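**Q** Quick one: this structure, given as structure tokens, is what I'll be asking you about.
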Amino acid sequence: MNKKVLLRDLGRKDYKETWDFQELLFQETLDLKIKNRREGTGLTTPNHFLFVEHPHVFTLGKSGDMGNLLVGEKELRDKGAQFYKINRGGDITYHGPGQVVGYPILDLDNFFTDIHKYLRLLEEMVILTLSEYGLKAERSEGETGVWLDVGTPFARKICAMGVRASRWVTMHGFALNVNCDLGYFDLMVPCGIKGKAVTSLNVELGRQEVNVDGVKQKLLRHFEALFEAETIREKTGV
């Protein structure tokens, strides 16, 4: 098992450019797995973890409802936002400045072959990170992601998740709101769930801004512990 994970922080990067890069890494890993099975080469498959911040963009998962985007093309342009239909699970999601987005591209054969466990560990990584800021974050039954005040009229989502997997190789991931402009969430029905609010870490802490690098460091520390992995930082860039 290869539990080394190559880490890249891409900084602020266009969504489509990053998606293409994910697809490249994803396909390289799939191709190597197929070659190993056909030829018995036994070559080690890589694991990757990308951090990125996107300009304003809305993405709709393959099973999502287009009706959950509440504005048209002109309104999106006026807001400086893009829109993409993509190949992850889940419904509609927003990405934008002030959000920590993580894309683990892992060969789960190197860890465990259980997508449900994979999603729960990603949620746990975020829950443990938020606990370091004094927040009691939780899962909400039947709703992937991380929430605050679950089961109350004040339930609000702070982290969205959506993944794709093939032959136990993952892509896409999570989006944690850290210093987000929450007004963009009013342009959609977040994750297709009506009647529940969205929040951001800086809002919950009553701060103008939370240090993003500190959040990333905490996420990585919990990721390494939960996945029993070692992250190795690579050069930035796509």
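Within each chain, counting starts at residue 1; across the structure tokens, chains are named A, B, ... in the order shown, with ligands numbered 1 upward in that order.
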Give me the residues near Ile34 in chain A as JSON, numbers by chain, where near means some atom within 12 Å (using only C-alpha atoms) and where sequence neighbours in that chain fewer than 4 positions away do not count.

**A** {"A": [27, 28, 29, 30, 38, 39, 40, 41, 42, 43, 45, 166, 167, 168, 169]}

**Q** If you run DSSP on the backbone here, which positions in range 9-158 of chain A get strand (DSSP E)? Please write them as a ChimeraX atom specification.

**A** /A:9-12,48-53,57-60,82-85,92-95,99-105,137-140,143-148,156-158

**Q** Which is closer to Gly173 in chain A than all the others in A:Leu205, A:Ala155, A:Val126, A:Val210, using only C-alpha atoms?

**A**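 Comparing A:Leu205, A:Ala155, A:Val126, A:Val210 against Gly173 in chain A, the winner is A:Val126.
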
**Q** Nearest to Trp19 in chain A among A:His172, A:Arg233, A:Thr44, A:Leu122, with distances taken over only C-alpha atoms: which residue is it?

**A** A:His172

**Q** Please identify every residue of range 8-30 of chain A that has at least one atom no farther than 10 Å from an atom of range 85-96 of chain A, counting only C-alpha atoms, and for each give the shortest atom pair and the distance in Å to one decimal, arranged by chain then increasing number, as a Markdown table.

**A**
```
| residue | atom | partner | partner_atom | distance |
| --- | --- | --- | --- | --- |
| A:Arg12 | CA | A:Gly96 | CA | 9.3 |
| A:Tyr15 | CA | A:His95 | CA | 8.7 |
| A:Lys16 | CA | A:Ile86 | CA | 9.9 |
| A:Trp19 | CA | A:Ile86 | CA | 9.0 |
```

**Q** Just give me the gap between CA of His48 in chain A and CA of Ile127 in chain A in Å, one decimal is fine.

**A**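 Interatomic distance, CA of His48 in chain A to CA of Ile127 in chain A: 21.6 Å.
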
**Q** Ranking A:Met171, A:Val189, A:Val178, A:Ala197 by minimum distance to Val215 in chain A and counting only C-alpha atoms, which one comes first?

**A**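 Among the listed residues, the smallest separation from Val215 in chain A belongs to A:Val178.
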
**Q** Which is closest to Glu73 in chain A among A:Glu224, A:Phe58, A:Val101, A:Trp147, if we use only C-alpha atoms?

**A** A:Phe58

**Q** Pick out the residues sitting within 7 Å of range 5-10 of chain A, and hand them over as a list in words; count only C-alpha atoms, and ignore anything fewer than 5 positions along from it in its own chain.

**A**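 What passes the distance filter is Asn47, His48, Phe49, Leu50, Phe51, Val52, Ala229, Glu230, Thr231, Ile232, Arg233, Glu234, Lys235, Thr236 and Gly237 of chain A.
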
**Q** Could you write out the selected residues, including N, CA and C atoms, as a PDB file, in the first residue's frame?

**A**
```pdb
ATOM      1  N   ASN A  47      -1.016   8.905  -5.080  1.00  0.00           N
ATOM      2  CA  ASN A  47      -2.137   9.583  -4.427  1.00  0.00           C
ATOM      3  C   ASN A  47      -1.836  11.081  -4.447  1.00  0.00           C
ATOM      4  N   HIS A  48      -2.866  11.876  -4.696  1.00  0.00           N
ATOM      5  CA  HIS A  48      -2.689  13.327  -4.784  1.00  0.00           C
ATOM      6  C   HIS A  48      -3.707  14.030  -3.880  1.00  0.00           C
ATOM      7  N   PHE A  49      -3.347  15.228  -3.450  1.00  0.00           N
ATOM      8  CA  PHE A  49      -4.271  16.098  -2.707  1.00  0.00           C
ATOM      9  C   PHE A  49      -4.018  17.513  -3.213  1.00  0.00           C
ATOM     10  N   LEU A  50      -5.051  18.118  -3.818  1.00  0.00           N
ATOM     11  CA  LEU A  50      -4.948  19.474  -4.344  1.00  0.00           C
ATOM     12  C   LEU A  50      -5.730  20.433  -3.451  1.00  0.00           C
ATOM     13  N   PHE A  51      -5.086  21.519  -3.029  1.00  0.00           N
ATOM     14  CA  PHE A  51      -5.798  22.658  -2.446  1.00  0.00           C
ATOM     15  C   PHE A  51      -5.943  23.710  -3.529  1.00  0.00           C
ATOM     16  N   VAL A  52      -7.084  24.401  -3.560  1.00  0.00           N
ATOM     17  CA  VAL A  52      -7.290  25.437  -4.562  1.00  0.00           C
ATOM     18  C   VAL A  52      -8.362  26.401  -4.069  1.00  0.00           C
ATOM     19  N   ALA A 229      -1.801   8.594   6.592  1.00  0.00           N
ATOM     20  CA  ALA A 229      -1.051   8.947   5.390  1.00  0.00           C
ATOM     21  C   ALA A 229       0.043   9.962   5.710  1.00  0.00           C
ATOM     22  N   GLU A 230       0.981  10.084   4.799  1.00  0.00           N
ATOM     23  CA  GLU A 230       2.030  11.111   4.869  1.00  0.00           C
ATOM     24  C   GLU A 230       1.898  12.000   3.637  1.00  0.00           C
ATOM     25  N   THR A 231       1.712  13.312   3.841  1.00  0.00           N
ATOM     26  CA  THR A 231       1.623  14.231   2.714  1.00  0.00           C
ATOM     27  C   THR A 231       3.005  14.786   2.391  1.00  0.00           C
ATOM     28  N   ILE A 232       3.301  14.870   1.105  1.00  0.00           N
ATOM     29  CA  ILE A 232       4.582  15.372   0.616  1.00  0.00           C
ATOM     30  C   ILE A 232       4.292  16.536  -0.315  1.00  0.00           C
ATOM     31  N   ARG A 233       4.765  17.720   0.043  1.00  0.00           N
ATOM     32  CA  ARG A 233       4.433  18.920  -0.733  1.00  0.00           C
ATOM     33  C   ARG A 233       5.199  18.940  -2.051  1.00  0.00           C
ATOM     34  N   GLU A 234       4.464  19.144  -3.140  1.00  0.00           N
ATOM     35  CA  GLU A 234       5.068  19.300  -4.466  1.00  0.00           C
ATOM     36  C   GLU A 234       5.065  20.771  -4.862  1.00  0.00           C
ATOM     37  N   LYS A 235       5.737  21.079  -5.949  1.00  0.00           N
ATOM     38  CA  LYS A 235       5.771  22.437  -6.442  1.00  0.00           C
ATOM     39  C   LYS A 235       4.367  22.867  -6.872  1.00  0.00           C
ATOM     40  N   THR A 236       4.077  24.145  -6.646  1.00  0.00           N
ATOM     41  CA  THR A 236       2.793  24.690  -7.061  1.00  0.00           C
ATOM     42  C   THR A 236       2.726  24.776  -8.580  1.00  0.00           C
ATOM     43  N   GLY A 237       1.524  24.609  -9.105  1.00  0.00           N
ATOM     44  CA  GLY A 237       1.327  24.805 -10.546  1.00  0.00           C
ATOM     45  C   GLY A 237       0.596  23.653 -11.181  1.00  0.00           C
TER      46      GLY A 237
END
```

**Q** Taking into account only C-alpha atoms, which residue in the set A:Thr129, A:Gln99, A:Gln82, A:Thr152 is nearest to Ser200 in chain A?

**A**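 Result for the nearest residue to Ser200 in chain A: A:Gln99.
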
**Q** Where does DSSP see alpha helix (DSSP H) in range 42-178 of chain A, if you list the residues as a list in words?

**A**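 Here are the alpha helix (DSSP H) residues of range 42-178 of chain A: Glu73, Lys74, Glu75, Leu76, Arg77, Asp78, Ile115, His116, Lys117, Tyr118, Leu119, Arg120, Leu121, Leu122, Glu123, Glu124, Met125, Val126, Ile127, Leu128, Thr129, Leu130 and Ser131 of chain A.
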
**Q** Filtering to N, CA and C atoms, could you give me those residues as a PDB file, in the first residue's frame?

**A**
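Below you can see result17.pdb, which holds the result:
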```pdb
ATOM      1  N   GLU A  73     -28.072  33.175 -17.398  1.00  0.00           N
ATOM      2  CA  GLU A  73     -26.706  33.437 -17.852  1.00  0.00           C
ATOM      3  C   GLU A  73     -26.301  34.898 -17.661  1.00  0.00           C
ATOM      4  N   LYS A  74     -27.210  35.823 -17.966  1.00  0.00           N
ATOM      5  CA  LYS A  74     -26.878  37.243 -17.841  1.00  0.00           C
ATOM      6  C   LYS A  74     -26.569  37.604 -16.391  1.00  0.00           C
ATOM      7  N   GLU A  75     -27.421  37.121 -15.469  1.00  0.00           N
ATOM      8  CA  GLU A  75     -27.192  37.411 -14.052  1.00  0.00           C
ATOM      9  C   GLU A  75     -25.862  36.835 -13.584  1.00  0.00           C
ATOM     10  N   LEU A  76     -25.522  35.635 -14.067  1.00  0.00           N
ATOM     11  CA  LEU A  76     -24.233  35.040 -13.709  1.00  0.00           C
ATOM     12  C   LEU A  76     -23.088  35.917 -14.208  1.00  0.00           C
ATOM     13  N   ARG A  77     -23.196  36.368 -15.450  1.00  0.00           N
ATOM     14  CA  ARG A  77     -22.150  37.237 -16.007  1.00  0.00           C
ATOM     15  C   ARG A  77     -22.030  38.525 -15.201  1.00  0.00           C
ATOM     16  N   ASP A  78     -23.173  39.087 -14.834  1.00  0.00           N
ATOM     17  CA  ASP A  78     -23.165  40.325 -14.056  1.00  0.00           C
ATOM     18  C   ASP A  78     -22.477  40.131 -12.704  1.00  0.00           C
ATOM     19  N   ILE A 115     -16.369   3.593  -0.267  1.00  0.00           N
ATOM     20  CA  ILE A 115     -16.662   4.996  -0.575  1.00  0.00           C
ATOM     21  C   ILE A 115     -17.402   5.665   0.578  1.00  0.00           C
ATOM     22  N   HIS A 116     -18.313   4.927   1.223  1.00  0.00           N
ATOM     23  CA  HIS A 116     -19.034   5.491   2.365  1.00  0.00           C
ATOM     24  C   HIS A 116     -18.041   5.901   3.449  1.00  0.00           C
ATOM     25  N   LYS A 117     -17.100   5.039   3.764  1.00  0.00           N
ATOM     26  CA  LYS A 117     -16.083   5.361   4.779  1.00  0.00           C
ATOM     27  C   LYS A 117     -15.244   6.554   4.337  1.00  0.00           C
ATOM     28  N   TYR A 118     -14.918   6.596   3.048  1.00  0.00           N
ATOM     29  CA  TYR A 118     -14.132   7.701   2.519  1.00  0.00           C
ATOM     30  C   TYR A 118     -14.824   9.046   2.773  1.00  0.00           C
ATOM     31  N   LEU A 119     -16.113   9.136   2.445  1.00  0.00           N
ATOM     32  CA  LEU A 119     -16.859  10.368   2.657  1.00  0.00           C
ATOM     33  C   LEU A 119     -16.966  10.717   4.142  1.00  0.00           C
ATOM     34  N   ARG A 120     -17.199   9.690   4.982  1.00  0.00           N
ATOM     35  CA  ARG A 120     -17.311   9.967   6.404  1.00  0.00           C
ATOM     36  C   ARG A 120     -15.985  10.476   6.987  1.00  0.00           C
ATOM     37  N   LEU A 121     -14.857   9.963   6.480  1.00  0.00           N
ATOM     38  CA  LEU A 121     -13.557  10.440   6.972  1.00  0.00           C
ATOM     39  C   LEU A 121     -13.274  11.856   6.506  1.00  0.00           C
ATOM     40  N   LEU A 122     -13.678  12.200   5.283  1.00  0.00           N
ATOM     41  CA  LEU A 122     -13.532  13.589   4.847  1.00  0.00           C
ATOM     42  C   LEU A 122     -14.369  14.518   5.731  1.00  0.00           C
ATOM     43  N   GLU A 123     -15.585  14.096   6.038  1.00  0.00           N
ATOM     44  CA  GLU A 123     -16.413  14.895   6.943  1.00  0.00           C
ATOM     45  C   GLU A 123     -15.751  15.020   8.306  1.00  0.00           C
ATOM     46  N   GLU A 124     -15.206  13.914   8.812  1.00  0.00           N
ATOM     47  CA  GLU A 124     -14.564  13.935  10.127  1.00  0.00           C
ATOM     48  C   GLU A 124     -13.359  14.868  10.136  1.00  0.00           C
ATOM     49  N   MET A 125     -12.607  14.899   9.059  1.00  0.00           N
ATOM     50  CA  MET A 125     -11.467  15.812   8.926  1.00  0.00           C
ATOM     51  C   MET A 125     -11.924  17.264   9.136  1.00  0.00           C
ATOM     52  N   VAL A 126     -13.048  17.622   8.514  1.00  0.00           N
ATOM     53  CA  VAL A 126     -13.567  18.982   8.643  1.00  0.00           C
ATOM     54  C   VAL A 126     -14.134  19.216  10.041  1.00  0.00           C
ATOM     55  N   ILE A 127     -14.849  18.245  10.567  1.00  0.00           N
ATOM     56  CA  ILE A 127     -15.425  18.365  11.918  1.00  0.00           C
ATOM     57  C   ILE A 127     -14.326  18.598  12.954  1.00  0.00           C
ATOM     58  N   LEU A 128     -13.251  17.847  12.866  1.00  0.00           N
ATOM     59  CA  LEU A 128     -12.139  17.995  13.817  1.00  0.00           C
ATOM     60  C   LEU A 128     -11.443  19.337  13.645  1.00  0.00           C
ATOM     61  N   THR A 129     -11.332  19.790  12.401  1.00  0.00           N
ATOM     62  CA  THR A 129     -10.720  21.097  12.149  1.00  0.00           C
ATOM     63  C   THR A 129     -11.556  22.212  12.769  1.00  0.00           C
ATOM     64  N   LEU A 130     -12.862  22.163  12.556  1.00  0.00           N
ATOM     65  CA  LEU A 130     -13.734  23.209  13.097  1.00  0.00           C
ATOM     66  C   LEU A 130     -13.766  23.188  14.620  1.00  0.00           C
ATOM     67  N   SER A 131     -13.596  22.000  15.194  1.00  0.00           N
ATOM     68  CA  SER A 131     -13.579  21.913  16.662  1.00  0.00           C
ATOM     69  C   SER A 131     -12.409  22.697  17.248  1.00  0.00           C
TER      70      SER A 131
END
```

**Q** Using only C-alpha atoms, which residue out of A:Val100, A:Ala137, A:Val203, A:Cys159 lies closest to Lys218 in chain A?

**A**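 Of the candidates, the smallest distance to Lys218 in chain A is held by A:Val100.
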
**Q** Could you check how far CA of Leu108 in chain A sits from CA of Leu25 in chain A, in Å to one decimal?

**A**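 About the pair CA of Leu108 in chain A and CA of Leu25 in chain A: they are 14.4 Å apart.
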
**Q** What gap, in Å, lies between CA of Gly183 in chain A and CA of Phe154 in chain A?

**A**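 Separation between CA of Gly183 in chain A and CA of Phe154 in chain A: 17.7 Å.
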
**Q** If you count only C-alpha atoms, which residues fall within 7 Å of Thr170 in chain A, apart from same-chain ones fewer than 4 positions away, as a ChimeraX atom specification?

**A** /A:104-107,163-166
